[in-house]
Amino acid sequence: MYIEDNLSNIQLVEQILGMHRPSINLITNMYGKNAVQFALDYKPDLILLDLDLPDMHGSKVLKLLQAEPGTTEMPVIILSADAMAKQIEQLMEAGLKII
């Protein structure tokens, strides 16, 4: 599942997956408010999450996912251009693991 509001980024990820992992079914949504329900409905193996969404910051989406019993164990990868040290520190404080 990919939560991203930039259509070009969605198309890029779709193209990459189509070329290298065509068996993967990518579910996308542009709004953080839908992330938990989509995760519960589709039960993705992985969630790609942008930080700068139109309705809420990705860190809040991450907290919502971590708080919901049905989604708390789903792995989340932050896929964002916002890689400033302060942003990374705040996300780690919110429970994001850097691998």
# chains A, B, ... in the order shown; residues from 1 in each chain; ligands from 1
$ residues_around --residues "Asn34 (chain A)" --least-positions-apart "4" --cutoff "10 Å" --atoms "only C-alpha atoms" --output "PDB file with all heavy atoms, in the first residue's frame"
ATOM      1  N   ILE A   3       0.697   5.429   0.486  1.00  0.00           N
ATOM      2  CA  ILE A   3      -0.052   6.631   0.823  1.00  0.00           C
ATOM      3  C   ILE A   3       0.796   7.812   0.356  1.00  0.00           C
ATOM      4  O   ILE A   3       1.828   8.121   0.958  1.00  0.00           O
ATOM      5  CB  ILE A   3      -0.341   6.722   2.339  1.00  0.00           C
ATOM      6  CG1 ILE A   3      -0.999   5.448   2.865  1.00  0.00           C
ATOM      7  CG2 ILE A   3      -1.190   7.957   2.641  1.00  0.00           C
ATOM      8  CD1 ILE A   3      -2.324   5.116   2.244  1.00  0.00           C
ATOM      9  N   ASN A  29      -3.488   5.552  -2.070  1.00  0.00           N
ATOM     10  CA  ASN A  29      -4.450   6.534  -1.596  1.00  0.00           C
ATOM     11  C   ASN A  29      -3.697   7.821  -1.332  1.00  0.00           C
ATOM     12  O   ASN A  29      -2.535   7.789  -0.953  1.00  0.00           O
ATOM     13  CB  ASN A  29      -5.155   6.055  -0.332  1.00  0.00           C
ATOM     14  CG  ASN A  29      -6.374   6.890  -0.035  1.00  0.00           C
ATOM     15  OD1 ASN A  29      -6.270   7.977   0.516  1.00  0.00           O
ATOM     16  ND2 ASN A  29      -7.527   6.392  -0.427  1.00  0.00           N
ATOM     17  N   MET A  30      -4.357   8.935  -1.513  1.00  0.00           N
ATOM     18  CA  MET A  30      -3.705  10.232  -1.389  1.00  0.00           C
ATOM     19  C   MET A  30      -3.914  10.899  -0.031  1.00  0.00           C
ATOM     20  O   MET A  30      -3.376  11.970   0.206  1.00  0.00           O
ATOM     21  CB  MET A  30      -4.181  11.158  -2.503  1.00  0.00           C
ATOM     22  CG  MET A  30      -3.837  10.627  -3.882  1.00  0.00           C
ATOM     23  SD  MET A  30      -4.456  11.690  -5.180  1.00  0.00           S
ATOM     24  CE  MET A  30      -2.910  12.205  -5.917  1.00  0.00           C
ATOM     25  N   PHE A  38      -7.831   1.576   4.969  1.00  0.00           N
ATOM     26  CA  PHE A  38      -7.283   0.852   3.820  1.00  0.00           C
ATOM     27  C   PHE A  38      -6.414  -0.304   4.287  1.00  0.00           C
ATOM     28  O   PHE A  38      -6.475  -1.404   3.733  1.00  0.00           O
ATOM     29  CB  PHE A  38      -6.473   1.798   2.919  1.00  0.00           C
ATOM     30  CG  PHE A  38      -7.271   2.408   1.813  1.00  0.00           C
ATOM     31  CD1 PHE A  38      -8.412   3.142   2.062  1.00  0.00           C
ATOM     32  CD2 PHE A  38      -6.868   2.260   0.501  1.00  0.00           C
ATOM     33  CE1 PHE A  38      -9.143   3.709   1.041  1.00  0.00           C
ATOM     34  CE2 PHE A  38      -7.592   2.821  -0.531  1.00  0.00           C
ATOM     35  CZ  PHE A  38      -8.731   3.549  -0.263  1.00  0.00           C
ATOM     36  N   ALA A  39      -5.592  -0.065   5.307  1.00  0.00           N
ATOM     37  CA  ALA A  39      -4.725  -1.131   5.826  1.00  0.00           C
ATOM     38  C   ALA A  39      -5.557  -2.269   6.409  1.00  0.00           C
ATOM     39  O   ALA A  39      -5.238  -3.445   6.202  1.00  0.00           O
ATOM     40  CB  ALA A  39      -3.768  -0.570   6.863  1.00  0.00           C
ATOM     41  N   VAL A  61      -0.114   9.860  10.705  1.00  0.00           N
ATOM     42  CA  VAL A  61      -0.603   8.610  10.100  1.00  0.00           C
ATOM     43  C   VAL A  61       0.112   7.423  10.734  1.00  0.00           C
ATOM     44  O   VAL A  61      -0.512   6.419  11.085  1.00  0.00           O
ATOM     45  CB  VAL A  61      -0.398   8.613   8.566  1.00  0.00           C
ATOM     46  CG1 VAL A  61      -0.827   7.290   7.957  1.00  0.00           C
ATOM     47  CG2 VAL A  61      -1.147   9.769   7.928  1.00  0.00           C
TER      48      VAL A  61
END
$ closest_atom_pairs --of "region 38-59 of chain A" --to "region 63-75 of chain A" --cutoff "9 Å" --atoms "only C-alpha atoms" --output "JSON lines"
{"residue": "A:Ala39", "atom": "CA", "partner": "A:Thr71", "partner_atom": "CA", "distance": 6.6}
{"residue": "A:Leu40", "atom": "CA", "partner": "A:Gly70", "partner_atom": "CA", "distance": 6.4}
{"residue": "A:Lys43", "atom": "CA", "partner": "A:Thr71", "partner_atom": "CA", "distance": 8.1}
{"residue": "A:Pro44", "atom": "CA", "partner": "A:Met74", "partner_atom": "CA", "distance": 7.5}
{"residue": "A:Asp45", "atom": "CA", "partner": "A:Met74", "partner_atom": "CA", "distance": 6.8}
{"residue": "A:Leu46", "atom": "CA", "partner": "A:Pro75", "partner_atom": "CA", "distance": 5.3}
{"residue": "A:Ile47", "atom": "CA", "partner": "A:Pro75", "partner_atom": "CA", "distance": 6.2}
{"residue": "A:Leu48", "atom": "CA", "partner": "A:Pro75", "partner_atom": "CA", "distance": 8.7}
{"residue": "A:Gly58", "atom": "CA", "partner": "A:Lys63", "partner_atom": "CA", "distance": 8.6}
{"residue": "A:Ser59", "atom": "CA", "partner": "A:Lys63", "partner_atom": "CA", "distance": 6.3}
$ atom_distance --atom1 "CA of Asp82 (chain A)" --atom2 "CA of Leu7 (chain A)"
17.4 Å
$ select_by_dssp --residues "region 2-98 of chain A" --states "strand (DSSP E or B)" --output "JSON, numbers by chain"
{"A": [2, 3, 28, 29, 47, 48, 49, 52, 57, 76, 77, 78]}
$ residues_around --residues "Asp5 (chain A)" --least-positions-apart "6" --cutoff "10 Å" --atoms "only C-alpha atoms" --output "count of residues only"
12
$ closest_residue --among "A:Met19, A:Asn9, A:Ala35, A:Glu14" --to "Ala81 (chain A)" --atoms "only C-alpha atoms"
A:Asn9
$ closest_residue --among "A:Ile27, A:Glu4, A:Leu62, A:Gln90" --to "Val76 (chain A)" --atoms "only C-alpha atoms"
A:Leu62
$ atom_distance --atom1 "CA of Gln15 (chain A)" --atom2 "CA of Leu79 (chain A)"
15.8 Å
